[in-house]
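Asker: Below is the file coords_8.txt, which contains compact mmCIF, C-alpha atoms.
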# COMPACT_ATOMS: atom_id res chain seq x y z
CA MET A 152 90.83 114.24 121.25
CA GLU A 153 92.13 110.69 121.07
CA LEU A 154 95.30 109.81 122.98
CA LYS A 155 97.95 108.40 120.62
CA THR A 156 100.77 106.19 121.91
CA LEU A 157 104.15 105.03 120.77
CA ALA A 158 106.30 102.41 122.48
CA LEU A 159 110.09 102.17 122.50
CA ASP A 160 112.20 99.28 123.74
CA LEU A 161 115.57 100.47 124.98
CA GLY A 162 116.81 96.94 125.56
CA LEU A 163 119.23 95.92 128.31
CA ILE A 164 121.41 98.54 129.94
CA GLY A 165 124.29 97.84 132.28
CA VAL A 166 125.48 99.66 135.34
CA LEU A 167 128.25 102.20 135.32
CA GLN A 168 129.94 102.72 138.66
CA ASP A 169 132.53 105.32 139.37
CA GLY A 170 135.86 104.22 137.95
CA ILE A 171 134.53 100.93 136.61
CA THR A 172 133.39 100.34 133.05
CA SER A 173 130.83 97.71 132.32
CA LEU A 174 132.50 96.63 129.11
CA ALA A 175 136.09 96.31 128.00
CA ALA A 176 137.26 97.95 124.81
CA GLY A 177 136.81 95.69 121.82
CA TRP A 178 134.53 94.31 119.20
CA TYR A 179 131.07 93.02 120.00
CA ILE A 180 128.17 91.72 118.02
CA ASP A 181 124.88 93.54 118.38
CA PRO A 182 122.45 90.70 119.16
CA ARG A 183 119.54 92.60 117.61
CA THR A 184 121.11 93.43 114.24
CA GLY A 185 124.07 91.02 114.02
CA MET A 186 126.26 94.03 113.26
CA ARG A 187 129.85 94.09 114.51
CA VAL A 188 130.37 97.09 116.77
CA PHE A 189 133.35 98.45 118.64
CA TYR A 190 133.02 99.66 122.23
CA ASP A 191 135.19 102.51 123.44
CA PRO A 192 135.13 102.73 127.26
CA ASN A 193 136.64 106.22 127.17
CA THR A 194 133.69 107.72 125.29
CA GLN A 195 131.32 105.01 126.50
CA ASN A 196 130.04 104.69 122.96
CA PHE A 197 129.62 101.92 120.45
CA TYR A 198 131.07 102.53 116.99
CA THR A 199 130.71 100.92 113.63
CA MET A 200 133.04 101.15 110.66
CA ALA A 201 131.96 102.89 107.46
CA GLY A 202 134.06 104.34 104.69
CA GLY A 203 137.28 103.50 106.50
CA VAL A 204 136.44 105.48 109.62
CA TYR A 205 134.69 104.60 112.85
CA ILE A 206 131.42 106.39 113.38
CA PRO A 207 129.15 106.27 116.42
CA LEU A 208 126.53 103.61 116.12
CA GLY A 209 123.28 105.21 115.05
CA TYR A 210 120.57 105.40 117.65
CA MET A 211 117.82 106.36 115.23
CA ASN A 212 115.84 103.64 113.53
CA PRO A 213 113.01 103.44 111.01
CA ALA A 214 109.70 103.75 112.80
CA PRO A 215 107.72 100.51 112.98
CA LYS A 216 104.52 102.52 112.68
CA GLN A 217 103.39 106.09 112.10
CA VAL A 218 100.98 108.07 114.20
CA SER A 219 98.97 110.95 112.77
CA ILE A 220 98.58 113.80 115.20
CA GLY A 221 97.62 117.44 115.13
CA PRO A 222 97.58 120.56 117.30
CA GLY A 223 95.80 120.10 120.61
CA GLU A 224 96.04 116.34 120.55
CA LYS A 225 98.03 114.32 123.07
CA LEU A 226 100.84 111.91 122.23
CA LYS A 227 101.93 109.39 124.84
CA ILE A 228 105.40 107.88 124.41
CA THR A 229 106.13 104.77 126.43
CA ILE A 230 109.56 103.22 126.92
CA SER A 231 110.66 99.95 128.43
CA TYR A 232 114.06 98.78 129.57
CA LYS A 233 115.81 96.40 131.91
CA TYR A 234 118.26 97.26 134.64
CA SER A 235 120.42 95.35 137.07
CA GLY A 236 122.98 96.76 139.47
CA PRO A 237 123.15 98.92 142.53
CA ALA A 238 120.39 101.22 143.57
CA ILE A 239 120.31 104.43 141.56
CA SER A 240 118.53 107.60 142.49
CA GLY A 241 117.75 110.51 140.24
CA ALA A 242 118.15 108.76 136.88
CA MET A 243 116.46 110.71 134.10
CA GLU A 244 114.10 109.37 131.46
CA ARG A 245 114.05 111.91 128.64
CA PHE A 246 111.44 111.98 125.87
CA CYS A 247 111.89 114.15 122.79
CA ILE A 248 109.97 115.08 119.67
CA GLY A 249 111.81 116.99 116.98
CA VAL A 250 113.74 116.97 113.77
CA TYR A 251 116.52 114.47 113.12
CA GLY A 252 118.98 115.52 110.44
CA THR A 253 122.60 115.76 109.38
CA PHE A 254 123.57 117.69 112.48
CA GLY A 255 121.78 115.48 114.97
CA PHE A 256 118.47 115.71 116.73
CA ASN A 257 116.88 119.13 117.14
CA GLU A 258 114.68 118.73 120.22
CA THR A 259 111.50 120.78 119.81
CA LEU A 260 109.39 119.19 122.55
CA VAL A 261 111.01 117.67 125.63
CA GLY A 262 109.66 115.86 128.67
CA GLU A 263 111.54 114.23 131.54
CA ASN A 264 110.81 111.88 134.41
CA THR A 265 113.05 111.34 137.42
CA ARG A 266 113.48 107.68 138.23
CA SER A 267 114.94 105.69 141.12
CA LEU A 268 116.04 102.15 140.36
CA PRO A 269 116.37 99.64 143.21
CA ALA A 270 119.39 97.35 143.53
CA SER A 271 119.07 94.05 141.73
CA THR A 272 121.38 91.25 140.68
CA THR A 273 119.12 90.18 137.82
CA PRO A 274 117.73 92.41 135.06
CA LEU A 275 114.35 93.82 136.03
CA SER A 276 111.93 95.38 133.60
CA TYR A 277 110.84 98.98 133.89
CA THR A 278 108.55 101.19 131.88
CA GLY A 279 108.24 104.93 131.70
CA SER A 280 106.00 107.25 129.77
CA TYR A 281 105.38 110.89 129.06
CA THR A 282 102.39 112.57 127.44
CA PHE A 283 102.90 115.54 125.17
CA THR A 284 100.24 118.00 124.11
CA ILE A 285 100.97 119.01 120.54
CA PRO A 286 101.15 122.83 120.32
CA THR A 287 99.43 124.91 117.66
CA ASN A 288 102.75 126.00 116.21
CA VAL A 289 103.83 122.41 115.54
CA GLY A 290 106.06 122.13 112.49
CA ALA A 291 105.28 119.75 109.69
CA ASP A 292 108.79 118.29 110.07
CA TRP A 293 108.53 117.50 113.78
CA ASP A 294 108.13 113.88 112.91
CA ASP A 295 111.02 112.19 114.75
CA ILE A 296 111.17 111.00 118.35
CA TYR A 297 113.85 109.67 120.63
CA CYS A 298 114.19 108.71 124.27
CA LYS A 299 117.13 108.21 126.54
CA ILE A 300 118.08 107.32 130.10
CA TYR A 301 120.97 109.04 131.74
CA GLY A 302 122.38 110.46 134.93
CA GLY A 303 121.54 109.61 138.51
CA SER A 304 123.74 108.59 141.40
CA PRO A 305 125.63 106.46 140.70
CA GLY A 306 125.07 107.19 137.04
CA VAL A 307 123.56 104.88 134.47
CA PRO A 308 125.27 104.88 131.07
CA GLN A 309 123.43 107.08 128.66
CA THR A 310 121.22 104.90 126.51
CA LEU A 311 119.42 106.31 123.49
CA PHE A 312 116.87 104.97 121.09
CA GLY A 313 114.74 106.76 118.52
CA TYR A 314 112.48 106.47 115.53
CA GLU A 315 112.64 108.48 112.33
CA ASN A 316 109.40 109.57 110.66
CA ALA A 317 107.34 108.21 113.52
CA LEU A 318 104.77 110.99 113.35
CA ILE A 319 102.56 112.40 110.64
CA ILE A 320 101.96 115.98 111.66
CA VAL A 321 98.56 117.22 110.58
CA GLY A 322 98.82 120.93 109.89
CA LYS A 323 96.36 123.74 109.24
CA ASP A 324 96.01 122.91 105.54
CA PRO A 325 93.72 119.99 104.76
CA ALA A 326 95.15 116.89 103.12
CA ILE A 327 92.52 115.30 100.88
CA SER A 328 92.71 111.84 99.35
CA GLU A 329 90.44 109.37 97.54
CA PHE A 330 88.53 112.26 95.98
CA THR A 331 85.89 110.83 93.61
CA ILE A 332 82.58 111.79 92.05
CA VAL A 333 79.89 109.58 93.52
CA ASP A 334 76.94 110.83 91.53
CA PHE A 335 75.45 113.75 89.65
CA ALA A 336 71.79 114.40 88.95
CA LYS A 337 69.26 117.10 88.20
CA VAL A 338 68.03 118.88 91.29
CA MET B 75 96.84 112.81 93.25
CA VAL B 76 96.13 109.86 90.96
CA LEU B 77 92.97 110.10 88.97
CA THR B 78 91.11 106.84 89.18
CA PRO B 79 88.75 105.63 86.48
CA MET B 80 85.13 106.31 87.23
CA ALA B 81 82.06 104.71 85.86
CA LEU B 82 79.63 107.59 85.64
CA ALA B 83 76.95 107.09 83.04
CA PRO B 84 76.21 110.01 80.70
CA LYS B 85 73.06 111.94 81.55
CA THR B 86 71.03 114.40 79.53
CA PHE B 87 70.07 117.80 80.92
CA ASN B 88 68.15 120.73 79.52
CA ALA B 89 69.80 124.11 79.46
CA GLY B 90 68.64 126.03 82.51
CA GLU B 91 68.57 123.03 84.80
CA THR B 92 70.61 122.70 87.97
CA VAL B 93 72.91 119.73 88.47
CA ARG B 94 73.90 118.45 91.91
CA VAL B 95 77.24 116.64 92.15
CA THR B 96 78.06 114.44 95.12
CA VAL B 97 81.70 113.70 95.92
CA SER B 98 83.39 111.53 98.50
CA PHE B 99 86.87 111.90 99.92
CA SER B 100 89.02 111.34 102.97
CA TYR B 101 90.79 114.16 104.76
CA THR B 102 92.93 115.22 107.69
CA VAL B 103 93.40 118.74 109.00
CA GLY B 104 94.90 120.15 112.18
CA ILE B 105 92.32 122.86 112.82
CA ASN B 106 88.66 123.38 112.01
CA THR B 107 88.56 124.80 108.52
CA THR B 108 86.32 125.43 105.53
CA VAL B 109 87.21 124.53 101.96
CA ARG B 110 85.53 125.58 98.73
CA LEU B 111 84.23 122.83 96.46
CA LEU B 112 83.75 123.70 92.79
CA ALA B 113 82.13 121.78 89.95
CA GLY B 114 81.18 122.40 86.37
CA PRO B 115 81.11 121.17 82.79
CA TYR B 116 84.12 121.32 80.49
CA TYR B 117 84.65 120.89 76.78
CA THR B 118 87.69 119.59 74.94
CA ASN B 119 89.29 120.91 71.77
CA ILE B 120 92.75 120.78 70.21
CA PHE B 121 94.01 123.19 72.85
CA GLY B 122 92.92 121.00 75.74
CA LYS B 123 90.14 121.07 78.27
CA HIS B 124 88.26 124.25 79.08
CA MET B 125 85.74 124.90 81.81
CA VAL B 126 82.45 126.51 80.86
CA ASP B 127 83.09 129.24 83.38
CA PRO B 128 79.58 130.72 83.66
CA CYS B 129 78.28 127.31 84.73
CA VAL B 130 80.81 126.56 87.49
CA GLY B 131 79.11 126.12 90.86
CA ARG B 132 80.63 126.59 94.31
CA ALA B 133 79.91 125.30 97.80
CA ASP B 134 81.67 125.77 101.11
CA VAL B 135 82.37 122.59 103.06
CA SER B 136 83.26 122.61 106.77
CA LEU B 137 85.99 120.19 107.82
CA PRO B 138 86.33 119.64 111.58
CA ALA B 139 89.89 119.05 112.78
CA VAL B 140 90.86 115.40 112.63
CA SER B 141 94.30 113.80 112.52
CA THR B 142 93.26 110.36 111.29
CA PRO B 143 91.80 110.23 107.78
CA ILE B 144 88.02 109.99 107.86
CA PRO B 145 85.57 109.68 104.94
CA GLN B 146 83.41 112.64 104.04
CA THR B 147 80.81 113.42 101.39
CA ALA B 148 79.76 116.79 100.05
CA ASP B 149 77.41 118.26 97.46
CA VAL B 150 77.88 121.12 95.05
CA ASP B 151 75.29 122.49 92.63
CA PHE B 152 75.82 124.22 89.32
CA MET B 153 73.35 125.60 86.79
CA LEU B 154 73.54 124.93 83.07
CA ILE B 155 72.98 128.54 82.08
CA PRO B 156 71.44 128.66 78.58
CA LYS B 157 73.52 129.88 75.67
CA SER B 158 71.18 132.81 75.14
CA LEU B 159 72.26 134.10 78.57
CA GLY B 160 75.95 133.66 77.85
CA GLY B 161 76.13 130.09 79.13
CA ILE B 162 76.51 126.62 77.70
CA GLU B 163 75.68 125.41 74.20
CA ASN B 164 74.03 122.16 73.24
CA GLY B 165 76.55 119.33 73.15
CA THR B 166 78.42 116.79 75.19
CA TYR B 167 80.62 117.89 78.07
CA GLY B 168 82.85 116.44 80.74
CA LEU B 169 82.33 116.96 84.46
CA ARG B 170 85.07 118.23 86.74
CA VAL B 171 84.98 118.71 90.51
CA TRP B 172 87.80 120.09 92.60
CA VAL B 173 88.65 121.58 95.97
CA GLU B 174 90.11 125.06 95.80
CA GLY B 175 93.67 125.36 97.04
CA THR B 176 94.33 121.62 97.15
CA ASN B 177 95.32 118.94 94.66
CA ALA B 178 91.95 117.21 95.00
CA VAL B 179 90.33 116.95 91.57
CA ALA B 180 88.09 114.43 89.86
CA GLU B 181 86.76 114.51 86.34
CA GLN B 182 85.20 112.38 83.65
CA ASP B 183 84.78 113.10 79.96
CA SER B 184 81.51 113.09 78.06
CA VAL B 185 79.00 112.58 80.85
CA ILE B 186 76.88 115.73 80.54
CA ILE B 187 74.70 116.01 77.44
CA VAL B 188 73.13 119.43 77.13
CA THR B 189 70.03 119.99 75.03
CA GLY B 190 67.24 122.48 74.99
CA ASN B 191 69.03 125.54 73.65
CA THR B 192 66.98 126.87 70.78
CA GLY B 193 68.73 128.25 67.69
CA GLY B 194 72.44 128.60 67.08
CA GLY B 195 73.17 124.92 67.58
CA GLY B 196 76.57 123.52 66.69
CA GLY B 197 78.47 126.42 68.15
CA ASP B 198 80.83 124.14 70.05
CA MET B 199 81.83 122.41 66.81
CA PHE B 200 82.45 125.80 65.23
CA THR B 201 84.71 126.77 68.13
CA SER B 202 86.80 123.66 67.80
CA MET B 203 87.11 124.09 64.01
CA MET B 204 87.91 127.79 64.20
CA PRO B 205 91.72 127.42 64.10
CA MET B 206 91.54 125.14 61.07
CA LEU B 207 89.18 127.51 59.28
CA MET B 208 91.53 130.41 59.94
CA MET B 209 94.46 128.48 58.46
CA VAL B 210 92.42 127.66 55.33
CA MET B 211 91.43 131.31 54.99
CA MET B 212 95.04 132.45 55.33
CA LEU B 213 96.17 129.93 52.72
CA GLY B 214 93.38 131.14 50.50
CA MET B 215 94.74 134.67 50.76
CA ILE B 216 98.40 133.76 50.32
CA MET B 217 98.12 131.29 47.43
CA PRO B 218 96.71 133.80 44.87
CA MET B 219 99.48 136.25 45.80
CA THR B 220 102.25 133.69 45.24
CA GLN B 221 100.69 132.54 41.97
CA GLN B 222 100.53 136.16 40.79
CA MET B 223 104.20 136.75 41.69
CA GLY B 224 105.19 133.56 39.83
CA ALA B 225 103.33 134.66 36.71
CA GLU B 226 105.05 138.06 36.73
CA ALA B 227 108.46 136.38 36.96
CA GLU B 228 107.69 134.17 33.95
CA GLU B 229 106.67 137.20 31.89
CA GLU B 230 110.06 138.87 32.55
Let's see the structure in the file written out as structure tokens.
Answerer:
Amino acid sequence: MELKTLALDLGLIGVLQDGITSLAAGWYIDPRTGMRVFYDPNTQNFYTMAGGVYIPLGYMNPAPKQVSIGPGEKLKITISYKYSGPAISGAMERFCIGVYGTFGFNETLVGENTRSLPASTTPLSYTGSYTFTIPTNVGADWDDIYCKIYGGSPGVPQTLFGYENALIIVGKDPAISEFTIVDFAKV
Amino acid sequence: MVLTPMALAPKTFNAGETVRVTVSFSYTVGINTTVRLLAGPYYTNIFGKHMVDPCVGRADVSLPAVSTPIPQTADVDFMLIPKSLGGIENGTYGLRVWVEGTNAVAEQDSVIIVTGNTGGGGGDMFTSMMPMLMMVMMLGMIMPMTQQMGAEAEEE
């Protein structure tokens, strides 16, 4: 079976040292979207305002492409990010396939890598990847993916990024398209 | 599924002949599977389209598992069973092909012209006119009764 790949860019992440926050509370502008966001150092989350209340900034995004995949096939998810700060050991790269809905992300397939990041004063690029084998009991709605980096010593701030409807799950029932009569003739 | 216009030219067949239909399609499926392809002639009357059931042919088509749509062709044969054997009458018919258990269907009107049945021609026209004939017959029965009742009322 063909190996399918997806790539995620987690962007720049800062360092979080014990007792020190990387950002002060306040409003910021997301350079990627231009959206005004509020950073709360207590929850270490960005928020945006909607309907008069502050809600956590969404980490799920529309998928830039879709990958068709079925049972037995392998899906490789690749992430990239930049890091600067002190050396970190035991940071986790987490890769998930599942169902994203009203109540969050239901992780149905999970893979993790342990990562050590060397000390650096300038942002350095890193990549990580994980290859899933799609099981035979895959659900037709397991079409969302997300990845995150978290943990380690000292810890990196949890950084999430995901894509909705990134996968087209091919199930046991055939999906037929472009069905046309080419010809008919006496045998 | 959207039915796309097709440009099949009408062809003439004798009753008793076998017709081979070739279809093309794209598919995806998660596991190796087999689907049933069916094809046959249909006629149209005021109640819609109706398959000539005795003439519907079937073929099993194997579809290897594939997650990216790939093109596929398949053949299915059906016999134009003569009217004398309970089959098709002389006339013009449409051609329909479909895959059992899916929404894959393709059809085109008036492409199969059947000849060669001896005796009893025009049966298809009779079938389509049957409802109208029944209404005329019913009117023919009711009208004399109403006229008779009207005449009795005038006499009183």
Asker: My list of candidates is A:Lys225, A:Ala214, A:Ile220, A:Ala336. Which is closest to Val140 of chain B when distances are computed with only C-alpha atoms?
Answerer: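 Ranking A:Lys225, A:Ala214, A:Ile220, A:Ala336 by distance to Val140 of chain B, first place goes to A:Ile220.
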Asker: Within 8 Å of chain A, which residues of chain B show up? Give each one with its shortest atom-to-atom distance in Å (one decimal) and the two atoms involved, counting all atoms listed in the file, rows by chain then rising residue number, as a Markdown table.
Answerer:
| residue | atom | partner | partner_atom | distance |
| --- | --- | --- | --- | --- |
| B:Met75 | CA | A:Ser328 | CA | 7.4 |
| B:Thr78 | CA | A:Thr331 | CA | 7.9 |
| B:Met80 | CA | A:Ile332 | CA | 7.7 |
| B:Leu82 | CA | A:Asp334 | CA | 7.2 |
| B:Lys85 | CA | A:Ala336 | CA | 7.9 |
| B:Phe87 | CA | A:Lys337 | CA | 7.4 |
| B:Glu91 | CA | A:Lys337 | CA | 6.9 |
| B:Thr92 | CA | A:Val338 | CA | 5.7 |
| B:Val93 | CA | A:Lys337 | CA | 4.5 |
| B:Arg94 | CA | A:Phe335 | CA | 5.4 |
| B:Val95 | CA | A:Phe335 | CA | 4.2 |
| B:Thr96 | CA | A:Asp334 | CA | 5.2 |
| B:Val97 | CA | A:Ile332 | CA | 4.4 |
| B:Ser98 | CA | A:Thr331 | CA | 5.5 |
| B:Phe99 | CA | A:Phe330 | CA | 4.3 |
| B:Ser100 | CA | A:Ser328 | CA | 5.2 |
| B:Tyr101 | CA | A:Ile327 | CA | 4.4 |
| B:Thr102 | CA | A:Ala326 | CA | 5.3 |
| B:Val103 | CA | A:Pro325 | CA | 4.4 |
| B:Gly104 | CA | A:Gly322 | CA | 4.6 |
| B:Ile105 | CA | A:Lys323 | CA | 5.5 |
| B:Thr107 | CA | A:Lys323 | CA | 7.9 |
| B:Val140 | CA | A:Gly221 | CA | 7.5 |
| B:Ser141 | CA | A:Ile220 | CA | 5.0 |
| B:Thr142 | CA | A:Ser219 | CA | 5.9 |
| B:Val171 | CA | A:Ile332 | CA | 7.5 |
| B:Thr176 | CA | A:Ile327 | CA | 7.6 |
| B:Asn177 | CA | A:Ile327 | CA | 7.7 |
| B:Ala178 | CA | A:Phe330 | CA | 6.1 |
| B:Val179 | CA | A:Phe330 | CA | 6.7 |
| B:Ala180 | CA | A:Thr331 | CA | 5.6 |
| B:Glu181 | CA | A:Ile332 | CA | 7.6 |
Asker: Do you have the atom CA of Lys227 of chain A-atom CA of Gly262 of chain A distance handy?
Answerer: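 Those two atoms sit 10.8 Å apart.
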Asker: Using Å and a single decimal, report how far atom CA of Ser235 of chain A sits from atom CA of Gly303 of chain A.
Answerer: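 We find that atom CA of Gly303 of chain A and atom CA of Ser235 of chain A lie 14.4 Å from each other.
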Asker: When you draw a straight line from atom CA of Ala317 of chain A to atom CA of Trp293 of chain A, how long is it in Å?
Answerer: 9.4 Å
Asker: Please provide the set of residues having any atom within 10 Å of Leu159 of chain B, restricted to only C-alpha atoms, with same-chain residues fewer than 3 positions apart removed, written as a list in words.
Answerer: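 My list of contacting residues is Gly90, Pro128, Ile155, Pro156 and Ile162 of chain B.
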